[in-house]
file run_9.txt (compact mmCIF, C-alpha atoms)
# COMPACT_ATOMS: atom_id res chain seq x y z
CA MET A 1 -102.37 155.66 -25.48
CA LEU A 2 -100.79 155.29 -22.03
CA ASP A 3 -101.54 151.57 -21.99
CA GLN A 4 -100.01 151.27 -25.45
CA LEU A 5 -96.83 153.02 -24.28
CA ILE A 6 -96.59 150.79 -21.20
CA GLN A 7 -96.91 147.76 -23.46
CA TYR A 8 -94.18 149.09 -25.78
CA PHE A 9 -91.82 149.72 -22.88
CA SER A 10 -92.17 146.11 -21.76
CA PHE A 11 -89.99 145.20 -24.76
CA PRO A 12 -86.21 145.51 -24.18
CA PHE A 13 -85.49 146.90 -27.68
CA VAL A 14 -87.76 149.89 -27.00
CA ARG A 15 -86.00 150.64 -23.71
CA TYR A 16 -82.64 150.29 -25.48
CA ALA A 17 -83.79 152.74 -28.18
CA PHE A 18 -84.71 155.39 -25.60
CA ILE A 19 -81.49 154.97 -23.62
CA VAL A 20 -79.35 155.28 -26.74
CA GLY A 21 -81.52 158.07 -28.16
CA ILE A 22 -81.18 160.22 -25.03
CA LEU A 23 -77.43 159.64 -24.76
CA ILE A 24 -76.82 160.43 -28.45
CA ALA A 25 -79.02 163.55 -28.34
CA LEU A 26 -77.13 164.82 -25.28
CA CYS A 27 -73.70 164.19 -26.82
CA SER A 28 -74.68 165.66 -30.19
CA SER A 29 -75.82 168.93 -28.68
CA LEU A 30 -72.65 169.56 -26.64
CA LEU A 31 -70.35 170.30 -29.55
CA GLY A 32 -73.03 171.75 -31.80
CA VAL A 33 -72.42 175.23 -30.35
CA THR A 34 -68.68 174.94 -31.06
CA LEU A 35 -69.25 173.78 -34.64
CA VAL A 36 -71.68 176.62 -35.37
CA LEU A 37 -69.36 179.27 -33.94
CA LYS A 38 -66.29 177.86 -35.72
CA ARG A 39 -68.20 177.80 -39.03
CA PHE A 40 -67.96 174.01 -39.25
CA SER A 41 -71.70 173.30 -39.31
CA PHE A 42 -71.39 171.26 -42.52
CA ILE A 43 -68.74 168.91 -41.12
CA GLY A 44 -71.44 166.62 -39.69
CA ASP A 45 -72.62 165.82 -43.22
CA GLY A 46 -69.10 165.17 -44.45
CA LEU A 47 -68.18 162.84 -41.59
CA SER A 48 -71.51 161.00 -41.74
CA HIS A 49 -70.88 160.19 -45.39
CA VAL A 50 -67.37 159.01 -44.53
CA ALA A 51 -68.93 156.75 -41.88
CA PHE A 52 -71.39 155.45 -44.51
CA GLY A 53 -68.48 154.55 -46.81
CA ALA A 54 -66.68 152.81 -43.92
CA MET A 55 -69.85 150.86 -43.08
CA ALA A 56 -70.03 149.69 -46.69
CA ILE A 57 -66.43 148.42 -46.46
CA ALA A 58 -67.23 146.64 -43.19
CA ALA A 59 -70.28 145.02 -44.83
CA VAL A 60 -68.17 143.85 -47.79
CA LEU A 61 -65.63 142.31 -45.38
CA ASN A 62 -68.49 140.67 -43.42
CA LEU A 63 -67.31 142.13 -40.11
CA SER A 64 -69.66 141.34 -37.24
CA ASN A 65 -68.59 144.57 -35.48
CA ASN A 66 -68.41 147.37 -38.05
CA MET A 67 -67.18 149.80 -35.38
CA LEU A 68 -63.69 148.34 -35.88
CA ILE A 69 -63.55 150.14 -39.23
CA VAL A 70 -66.17 152.90 -38.99
CA LEU A 71 -64.88 154.64 -35.84
CA PRO A 72 -61.14 154.81 -36.75
CA VAL A 73 -61.89 155.94 -40.34
CA THR A 74 -64.31 158.65 -39.16
CA ILE A 75 -61.88 159.89 -36.51
CA LEU A 76 -59.10 160.06 -39.11
CA ALA A 77 -61.35 162.04 -41.49
CA ALA A 78 -62.38 164.43 -38.70
CA VAL A 79 -58.76 165.07 -37.74
CA LEU A 80 -57.78 165.71 -41.36
CA LEU A 81 -60.67 168.12 -41.92
CA LEU A 82 -60.27 170.11 -38.71
CA GLN A 83 -56.47 170.15 -38.71
CA THR A 84 -56.23 171.42 -42.29
CA GLY A 85 -54.83 174.91 -42.06
CA LYS A 86 -55.70 178.00 -44.05
CA ASN A 87 -52.70 177.39 -46.29
CA ALA A 88 -54.10 174.10 -47.59
CA LYS A 89 -54.55 173.85 -51.33
CA ILE A 90 -58.14 172.65 -50.85
CA GLN A 91 -59.98 174.88 -48.37
CA GLY A 92 -62.34 173.69 -45.61
CA ASP A 93 -65.76 173.71 -47.26
CA ALA A 94 -64.41 172.34 -50.55
CA SER A 95 -62.55 169.49 -48.82
CA ILE A 96 -65.65 168.57 -46.80
CA ALA A 97 -67.79 168.51 -49.94
CA MET A 98 -65.21 166.43 -51.83
CA ILE A 99 -64.81 163.85 -49.06
CA SER A 100 -68.56 163.76 -48.44
CA VAL A 101 -69.60 163.06 -52.04
CA SER A 102 -66.73 160.63 -52.69
CA SER A 103 -67.45 158.54 -49.57
CA LEU A 104 -71.17 158.40 -50.27
CA ALA A 105 -70.67 157.38 -53.90
CA LEU A 106 -67.98 154.77 -53.17
CA GLY A 107 -69.98 153.32 -50.30
CA TYR A 108 -73.07 152.85 -52.44
CA LEU A 109 -70.96 151.43 -55.27
CA LEU A 110 -69.35 148.86 -52.98
CA MET A 111 -72.72 147.85 -51.53
CA ASN A 112 -74.06 147.24 -55.04
CA ILE A 113 -71.04 145.30 -56.30
CA PHE A 114 -70.36 143.09 -53.28
CA SER A 115 -73.69 142.95 -51.44
CA SER A 116 -74.88 139.50 -50.34
CA ASN A 117 -78.35 140.87 -49.59
CA ALA A 118 -80.92 141.23 -52.37
CA ASN A 119 -82.56 144.21 -50.62
CA ILE A 120 -79.78 146.71 -51.30
CA SER A 121 -82.10 149.72 -51.45
CA GLY A 122 -83.57 148.78 -48.07
CA ASP A 123 -80.12 148.55 -46.47
CA VAL A 124 -79.06 151.87 -47.96
CA CYS A 125 -82.30 153.59 -46.90
CA SER A 126 -81.92 152.30 -43.34
CA THR A 127 -78.32 153.50 -43.16
CA LEU A 128 -79.05 156.92 -44.66
CA PHE A 129 -82.23 157.70 -42.73
CA GLY A 130 -81.95 155.49 -39.64
CA SER A 131 -85.40 154.05 -40.24
CA THR A 132 -85.15 150.87 -38.15
CA SER A 133 -81.60 150.53 -36.80
CA ILE A 134 -82.39 152.27 -33.49
CA LEU A 135 -85.06 149.62 -32.80
CA THR A 136 -82.79 146.66 -33.51
CA LEU A 137 -79.98 147.42 -31.06
CA LYS A 138 -78.43 144.62 -29.05
CA ARG A 139 -77.46 144.87 -25.39
CA SER A 140 -73.74 144.95 -26.28
CA GLN A 141 -74.33 147.89 -28.66
CA VAL A 142 -76.20 149.79 -25.95
CA ILE A 143 -73.35 149.24 -23.48
CA LEU A 144 -70.78 150.40 -26.06
CA CYS A 145 -72.89 153.47 -26.84
CA ALA A 146 -73.19 154.27 -23.11
CA ILE A 147 -69.42 153.97 -22.59
CA LEU A 148 -68.60 156.18 -25.60
CA SER A 149 -71.28 158.72 -24.58
CA ILE A 150 -69.88 158.96 -21.05
CA LEU A 151 -66.38 159.47 -22.46
CA VAL A 152 -67.66 162.24 -24.75
CA ILE A 153 -69.48 164.01 -21.89
CA LEU A 154 -66.51 163.72 -19.51
CA SER A 155 -64.12 164.98 -22.21
CA PHE A 156 -66.33 168.00 -22.85
CA ILE A 157 -66.56 168.80 -19.12
CA ILE A 158 -62.82 168.33 -18.48
CA PHE A 159 -61.74 170.40 -21.49
CA TYR A 160 -64.65 172.88 -21.32
CA ASN A 161 -62.51 175.99 -20.70
CA LYS A 162 -60.02 175.07 -23.44
CA ILE A 163 -62.79 174.28 -25.94
CA PHE A 164 -64.40 177.61 -25.05
CA ALA A 165 -61.12 179.47 -25.69
CA VAL A 166 -60.37 177.69 -28.97
CA THR A 167 -63.95 178.20 -30.17
CA PHE A 168 -64.03 181.98 -29.77
CA ASP A 169 -60.48 183.05 -30.59
CA GLU A 170 -58.00 180.36 -31.57
CA ASN A 171 -55.16 182.84 -32.24
CA PHE A 172 -55.54 184.48 -28.83
CA ALA A 173 -55.72 181.06 -27.17
CA GLN A 174 -52.40 180.15 -28.79
CA ALA A 175 -50.88 183.47 -27.75
CA ILE A 176 -51.60 182.82 -24.06
CA GLY A 177 -50.07 179.35 -24.19
CA THR A 178 -53.06 177.13 -25.02
CA HIS A 179 -52.11 174.27 -27.34
CA ALA A 180 -54.90 174.95 -29.82
CA LYS A 181 -53.93 172.09 -32.14
CA ILE A 182 -54.26 169.55 -29.34
CA TYR A 183 -57.73 170.79 -28.37
CA ASN A 184 -58.80 170.92 -32.00
CA LEU A 185 -57.73 167.28 -32.13
CA VAL A 186 -59.88 166.56 -29.05
CA ILE A 187 -62.83 168.31 -30.72
CA ALA A 188 -62.28 166.30 -33.92
CA ILE A 189 -62.24 162.97 -32.06
CA ILE A 190 -65.36 163.85 -30.05
CA ILE A 191 -67.20 164.91 -33.21
CA ALA A 192 -66.26 161.66 -34.98
CA VAL A 193 -67.51 159.55 -32.06
CA ILE A 194 -70.78 161.53 -31.97
CA ILE A 195 -71.31 161.07 -35.72
CA VAL A 196 -70.78 157.30 -35.53
CA LEU A 197 -73.17 157.01 -32.58
CA ALA A 198 -75.82 159.23 -34.18
CA MET A 199 -75.99 157.10 -37.34
CA ASN A 200 -78.04 154.54 -35.43
CA LEU A 201 -80.54 157.20 -34.38
CA VAL A 202 -81.18 159.43 -37.40
CA GLY A 203 -79.06 157.94 -40.20
CA SER A 204 -76.12 159.47 -42.00
CA LEU A 205 -78.08 162.06 -44.02
CA LEU A 206 -79.82 163.65 -41.03
CA ILE A 207 -76.99 163.82 -38.49
CA SER A 208 -76.22 167.51 -39.08
CA ALA A 209 -79.73 168.41 -37.94
CA LEU A 210 -79.21 166.58 -34.64
CA VAL A 211 -75.93 168.42 -34.07
CA ILE A 212 -76.87 171.90 -35.31
CA PHE A 213 -80.61 172.50 -34.71
CA PRO A 214 -80.56 172.45 -30.86
CA SER A 215 -77.66 174.92 -30.82
CA LEU A 216 -79.37 177.27 -33.28
CA SER A 217 -82.58 177.07 -31.23
CA ALA A 218 -80.75 177.90 -28.00
CA MET A 219 -78.98 180.84 -29.65
CA ARG A 220 -82.34 182.45 -30.36
CA LEU A 221 -82.87 183.09 -26.63
CA PHE A 222 -79.48 182.89 -24.89
CA LYS A 223 -76.22 184.72 -25.50
CA THR A 224 -73.52 183.16 -23.29
CA PHE A 225 -71.63 180.00 -24.26
CA LYS A 226 -72.59 178.16 -21.07
CA SER A 227 -76.31 179.01 -21.18
CA VAL A 228 -76.53 178.15 -24.89
CA THR A 229 -74.82 174.79 -24.27
CA ILE A 230 -77.14 173.89 -21.37
CA CYS A 231 -80.26 174.95 -23.29
CA SER A 232 -79.06 173.12 -26.41
CA ALA A 233 -78.57 169.89 -24.45
CA SER A 234 -82.04 170.19 -22.88
CA VAL A 235 -83.76 170.91 -26.19
CA SER A 236 -81.94 168.05 -27.91
CA VAL A 237 -82.94 165.46 -25.28
CA ILE A 238 -86.57 166.65 -25.20
CA CYS A 239 -86.82 166.55 -29.01
CA ALA A 240 -85.27 163.08 -29.14
CA VAL A 241 -87.69 161.68 -26.56
CA ALA A 242 -90.68 163.37 -28.25
CA GLY A 243 -89.57 162.08 -31.66
CA LEU A 244 -89.16 158.52 -30.38
CA LEU A 245 -92.58 158.59 -28.68
CA ILE A 246 -94.33 159.94 -31.79
CA SER A 247 -92.50 157.41 -33.95
CA LEU A 248 -93.66 154.53 -31.74
CA LEU A 249 -97.28 155.67 -31.58
CA ALA A 250 -97.70 156.89 -35.16
CA GLY A 251 -95.37 154.44 -36.91
CA THR A 252 -93.32 157.21 -38.56
CA PRO A 253 -89.56 156.90 -39.36
CA VAL A 254 -87.54 157.59 -36.21
CA GLY A 255 -84.81 159.77 -37.70
CA SER A 256 -87.11 161.95 -39.79
CA THR A 257 -89.52 162.42 -36.87
CA ILE A 258 -86.76 163.56 -34.50
CA VAL A 259 -85.44 166.04 -37.08
CA ALA A 260 -88.97 167.36 -37.70
CA ILE A 261 -89.42 167.94 -33.94
CA ASN A 262 -86.07 169.76 -33.84
CA LEU A 263 -87.22 171.96 -36.73
CA LEU A 264 -90.47 172.72 -34.88
CA ALA A 265 -88.49 173.63 -31.73
CA PHE A 266 -86.30 175.99 -33.78
CA ILE A 267 -89.38 177.73 -35.21
CA ILE A 268 -90.91 178.08 -31.71
CA PHE A 269 -87.67 179.51 -30.27
CA THR A 270 -87.39 181.93 -33.20
CA VAL A 271 -90.96 183.18 -32.66
CA ILE A 272 -90.36 183.57 -28.91
CA SER A 273 -87.16 185.52 -29.55
CA LYS A 274 -89.15 188.12 -31.52
CA PHE A 275 -91.01 189.02 -28.35
call {"tool": "encode", "arguments": {"input": "run_9.txt", "output": "structure tokens"}}
result
Amino acid sequence: MLDQLIQYFSFPFVRYAFIVGILIALCSSLLGVTLVLKRFSFIGDGLSHVAFGAMAIAAVLNLSNNMLIVLPVTILAAVLLLQTGKNAKIQGDASIAMISVSSLALGYLLMNIFSSNANISGDVCSTLFGSTSILTLKRSQVILCAILSILVILSFIIFYNKIFAVTFDENFAQAIGTHAKIYNLVIAIIIAVIIVLAMNLVGSLLISALVIFPSLSAMRLFKTFKSVTICSASVSVICAVAGLLISLLAGTPVGSTIVAINLLAFIIFTVISKF
């Protein structure tokens, strides 16, 4: 098995997959705690479906770099969803569900009408479940992912105290002079970037698991925001590496394997917390 792994790692695309996988897992876990505490756990699904619709548009337009459409559209959707106040006519969960279903349906419709590839179901399956995209990354994509991941991590570290304040009590944060809307905007942009990056790893249907599961696992054992965030990041990276290794050796789908490992980690943490 060790010889087999050494042989696999001699290929650049495998090394690229692990680099991107670790970076995405780390970034995804950082804001997972905030999303869970702010009751926005489902936003990952909504934004991933928006990203799927944007990818379909990019494919129709034959853009070589779909990030030119996918990232701005996803950021815009994240801002609209998180900035919508309580007085909105369509409340948070309903707006997420509406945008999610609409984007998914329109994306699939566009891919069927304008697709130049006969294997439409294969393209859709790969996009939704991330079955092979992580193993077909180019060097330029890895560099872009690394740059965006570093920006996400630095943003979280720089604005950590403000994110902490806005997460636990937004009204109090505003009362003491914190510009809550600005930091909600920062959170929205970071979430959108994470969603777009994570699509290559687990696909658009499984992104929520990558964002939420590590945080929920960490919350079984730890109680402070900082300790939960650190534990969540550690669990996420370990699960991503384990999932990638199992996927390489057993030939299982990458995204589904990583999510299954995250589920197993959650069960283990839950059992430990009982004792």
call {"tool": "atom_distance", "arguments": {"input": "run_9.txt", "atom1": "CA of Gln174 (chain A)", "atom2": "CA of Ile187 (chain A)"}}
result
15.9 Å
call {"tool": "residues_around", "arguments": {"input": "run_9.txt", "residues": "region 156-164 of chain A", "least_positions_apart": "4", "cutoff": "7 Å", "atoms": "all atoms listed in the file", "output": "short mmCIF file (atom, residue, chain, number, x, y, z; two decimals) with C-alpha atoms, keeping the file's coordinate frame"}}
result
data_model
loop_
_atom_site.label_atom_id
_atom_site.label_comp_id
_atom_site.auth_asym_id
_atom_site.auth_seq_id
_atom_site.Cartn_x
_atom_site.Cartn_y
_atom_site.Cartn_z
CA VAL A 152 -67.66 162.24 -24.75
CA PHE A 168 -64.03 181.98 -29.77
CA TYR A 183 -57.73 170.79 -28.37
#
call {"tool": "atom_distance", "arguments": {"input": "run_9.txt", "atom1": "CA of Ala242 (chain A)", "atom2": "CA of Leu206 (chain A)"}}
result
16.8 Å
call {"tool": "residues_around", "arguments": {"input": "run_9.txt", "residues": "Lys138 (chain A)", "least_positions_apart": "6", "cutoff": "12 Å", "atoms": "all atoms listed in the file", "output": "JSON, numbers by chain"}}
result
{"A": [12, 13, 14, 15, 16, 17, 20, 65, 144, 145, 200]}
call {"tool": "write_last_selection", "arguments": {"input": "run_9.txt", "atoms": "C-alpha atoms", "output": "PDB file, keeping the file's coordinate frame"}}
result
ATOM      1  CA  PRO A  12     -86.210 145.510 -24.180  1.00  0.00           C
ATOM      2  CA  PHE A  13     -85.490 146.900 -27.680  1.00  0.00           C
ATOM      3  CA  VAL A  14     -87.760 149.890 -27.000  1.00  0.00           C
ATOM      4  CA  ARG A  15     -86.000 150.640 -23.710  1.00  0.00           C
ATOM      5  CA  TYR A  16     -82.640 150.290 -25.480  1.00  0.00           C
ATOM      6  CA  ALA A  17     -83.790 152.740 -28.180  1.00  0.00           C
ATOM      7  CA  VAL A  20     -79.350 155.280 -26.740  1.00  0.00           C
ATOM      8  CA  ASN A  65     -68.590 144.570 -35.480  1.00  0.00           C
ATOM      9  CA  LEU A 144     -70.780 150.400 -26.060  1.00  0.00           C
ATOM     10  CA  CYS A 145     -72.890 153.470 -26.840  1.00  0.00           C
ATOM     11  CA  ASN A 200     -78.040 154.540 -35.430  1.00  0.00           C
TER      12      ASN A 200
END
call {"tool": "closest_residue", "arguments": {"input": "run_9.txt", "among": "A:Gly107, A:Gly44, A:Gly255, A:Pro72", "to": "Ile57 (chain A)", "atoms": "only C-alpha atoms"}}
result
A:Gly107
call {"tool": "residues_near_point", "arguments": {"input": "run_9.txt", "point": "(-97.8, 156.1, -29.4)", "cutoff": "12 Å", "atoms": "only C-alpha atoms", "output": "PyMOL selection string"}}
result
chain A and resi 1-9+241-252
call {"tool": "atom_distance", "arguments": {"input": "run_9.txt", "atom1": "CA of Ser215 (chain A)", "atom2": "CA of Cys239 (chain A)"}}
result
12.5 Å
call {"tool": "closest_residue", "arguments": {"input": "run_9.txt", "among": "A:Ala78, A:Ile207, A:Leu197, A:Asn262", "to": "Ala146 (chain A)", "atoms": "all atoms listed in the file"}}
result
A:Leu197
call {"tool": "build_atoms", "arguments": {"input": "run_9.txt", "residues": "region 97-108 of chain A", "atoms": "all heavy atoms", "output": "PDB file, in the coordinates of the input"}}
result
ATOM      1  N   ALA A  97     -66.894 168.913 -48.852  1.00  0.00           N
ATOM      2  CA  ALA A  97     -67.790 168.510 -49.940  1.00  0.00           C
ATOM      3  C   ALA A  97     -67.185 167.369 -50.757  1.00  0.00           C
ATOM      4  O   ALA A  97     -67.880 166.410 -51.119  1.00  0.00           O
ATOM      5  CB  ALA A  97     -68.075 169.705 -50.841  1.00  0.00           C
ATOM      6  N   MET A  98     -65.887 167.454 -51.039  1.00  0.00           N
ATOM      7  CA  MET A  98     -65.210 166.430 -51.830  1.00  0.00           C
ATOM      8  C   MET A  98     -65.219 165.077 -51.116  1.00  0.00           C
ATOM      9  O   MET A  98     -65.567 164.050 -51.701  1.00  0.00           O
ATOM     10  CB  MET A  98     -63.771 166.870 -52.115  1.00  0.00           C
ATOM     11  CG  MET A  98     -62.997 165.908 -53.008  1.00  0.00           C
ATOM     12  SD  MET A  98     -61.303 166.457 -53.277  1.00  0.00           S
ATOM     13  CE  MET A  98     -60.612 166.230 -51.627  1.00  0.00           C
ATOM     14  N   ILE A  99     -64.835 165.087 -49.842  1.00  0.00           N
ATOM     15  CA  ILE A  99     -64.810 163.850 -49.060  1.00  0.00           C
ATOM     16  C   ILE A  99     -66.208 163.284 -48.883  1.00  0.00           C
ATOM     17  O   ILE A  99     -66.434 162.071 -48.983  1.00  0.00           O
ATOM     18  CB  ILE A  99     -64.149 164.103 -47.685  1.00  0.00           C
ATOM     19  CG1 ILE A  99     -62.663 164.379 -47.875  1.00  0.00           C
ATOM     20  CG2 ILE A  99     -64.343 162.914 -46.756  1.00  0.00           C
ATOM     21  CD1 ILE A  99     -61.942 164.753 -46.600  1.00  0.00           C
ATOM     22  N   SER A 100     -67.178 164.175 -48.659  1.00  0.00           N
ATOM     23  CA  SER A 100     -68.560 163.760 -48.440  1.00  0.00           C
ATOM     24  C   SER A 100     -69.122 163.017 -49.654  1.00  0.00           C
ATOM     25  O   SER A 100     -69.613 161.886 -49.550  1.00  0.00           O
ATOM     26  CB  SER A 100     -69.423 164.994 -48.145  1.00  0.00           C
ATOM     27  OG  SER A 100     -70.784 164.674 -48.136  1.00  0.00           O
ATOM     28  N   VAL A 101     -69.040 163.649 -50.812  1.00  0.00           N
ATOM     29  CA  VAL A 101     -69.600 163.060 -52.040  1.00  0.00           C
ATOM     30  C   VAL A 101     -68.858 161.781 -52.424  1.00  0.00           C
ATOM     31  O   VAL A 101     -69.475 160.773 -52.796  1.00  0.00           O
ATOM     32  CB  VAL A 101     -69.545 164.086 -53.192  1.00  0.00           C
ATOM     33  CG1 VAL A 101     -69.971 163.436 -54.497  1.00  0.00           C
ATOM     34  CG2 VAL A 101     -70.435 165.277 -52.887  1.00  0.00           C
ATOM     35  N   SER A 102     -67.539 161.802 -52.317  1.00  0.00           N
ATOM     36  CA  SER A 102     -66.730 160.630 -52.690  1.00  0.00           C
ATOM     37  C   SER A 102     -67.069 159.427 -51.808  1.00  0.00           C
ATOM     38  O   SER A 102     -67.253 158.303 -52.305  1.00  0.00           O
ATOM     39  CB  SER A 102     -65.244 160.957 -52.568  1.00  0.00           C
ATOM     40  OG  SER A 102     -64.896 162.017 -53.408  1.00  0.00           O
ATOM     41  N   SER A 103     -67.157 159.645 -50.506  1.00  0.00           N
ATOM     42  CA  SER A 103     -67.450 158.540 -49.570  1.00  0.00           C
ATOM     43  C   SER A 103     -68.829 157.970 -49.813  1.00  0.00           C
ATOM     44  O   SER A 103     -69.016 156.748 -49.794  1.00  0.00           O
ATOM     45  CB  SER A 103     -67.330 159.047 -48.128  1.00  0.00           C
ATOM     46  OG  SER A 103     -66.051 159.537 -47.859  1.00  0.00           O
ATOM     47  N   LEU A 104     -69.802 158.859 -50.040  1.00  0.00           N
ATOM     48  CA  LEU A 104     -71.170 158.400 -50.270  1.00  0.00           C
ATOM     49  C   LEU A 104     -71.258 157.579 -51.549  1.00  0.00           C
ATOM     50  O   LEU A 104     -71.864 156.497 -51.577  1.00  0.00           O
ATOM     51  CB  LEU A 104     -72.101 159.619 -50.349  1.00  0.00           C
ATOM     52  CG  LEU A 104     -73.603 159.352 -50.314  1.00  0.00           C
ATOM     53  CD1 LEU A 104     -73.998 158.713 -48.990  1.00  0.00           C
ATOM     54  CD2 LEU A 104     -74.379 160.637 -50.513  1.00  0.00           C
ATOM     55  N   ALA A 105     -70.627 158.068 -52.616  1.00  0.00           N
ATOM     56  CA  ALA A 105     -70.670 157.380 -53.900  1.00  0.00           C
ATOM     57  C   ALA A 105     -69.949 156.029 -53.849  1.00  0.00           C
ATOM     58  O   ALA A 105     -70.469 155.001 -54.311  1.00  0.00           O
ATOM     59  CB  ALA A 105     -70.060 158.256 -54.988  1.00  0.00           C
ATOM     60  N   LEU A 106     -68.751 156.009 -53.262  1.00  0.00           N
ATOM     61  CA  LEU A 106     -67.980 154.770 -53.170  1.00  0.00           C
ATOM     62  C   LEU A 106     -68.658 153.735 -52.279  1.00  0.00           C
ATOM     63  O   LEU A 106     -68.641 152.540 -52.569  1.00  0.00           O
ATOM     64  CB  LEU A 106     -66.568 155.065 -52.663  1.00  0.00           C
ATOM     65  CG  LEU A 106     -65.645 155.823 -53.622  1.00  0.00           C
ATOM     66  CD1 LEU A 106     -64.340 156.195 -52.938  1.00  0.00           C
ATOM     67  CD2 LEU A 106     -65.366 154.985 -54.874  1.00  0.00           C
ATOM     68  N   GLY A 107     -69.264 154.225 -51.193  1.00  0.00           N
ATOM     69  CA  GLY A 107     -69.980 153.320 -50.300  1.00  0.00           C
ATOM     70  C   GLY A 107     -71.141 152.637 -50.990  1.00  0.00           C
ATOM     71  O   GLY A 107     -71.320 151.410 -50.890  1.00  0.00           O
ATOM     72  N   TYR A 108     -71.929 153.421 -51.721  1.00  0.00           N
ATOM     73  CA  TYR A 108     -73.070 152.850 -52.440  1.00  0.00           C
ATOM     74  C   TYR A 108     -72.614 151.905 -53.551  1.00  0.00           C
ATOM     75  O   TYR A 108     -73.223 150.864 -53.800  1.00  0.00           O
ATOM     76  CB  TYR A 108     -73.929 153.974 -53.020  1.00  0.00           C
ATOM     77  CG  TYR A 108     -75.210 153.487 -53.669  1.00  0.00           C
ATOM     78  CD1 TYR A 108     -76.128 152.752 -52.933  1.00  0.00           C
ATOM     79  CD2 TYR A 108     -75.492 153.755 -55.001  1.00  0.00           C
ATOM     80  CE1 TYR A 108     -77.303 152.306 -53.509  1.00  0.00           C
ATOM     81  CE2 TYR A 108     -76.656 153.310 -55.590  1.00  0.00           C
ATOM     82  CZ  TYR A 108     -77.560 152.582 -54.832  1.00  0.00           C
ATOM     83  OH  TYR A 108     -78.716 152.120 -55.415  1.00  0.00           O
TER      84      TYR A 108
END
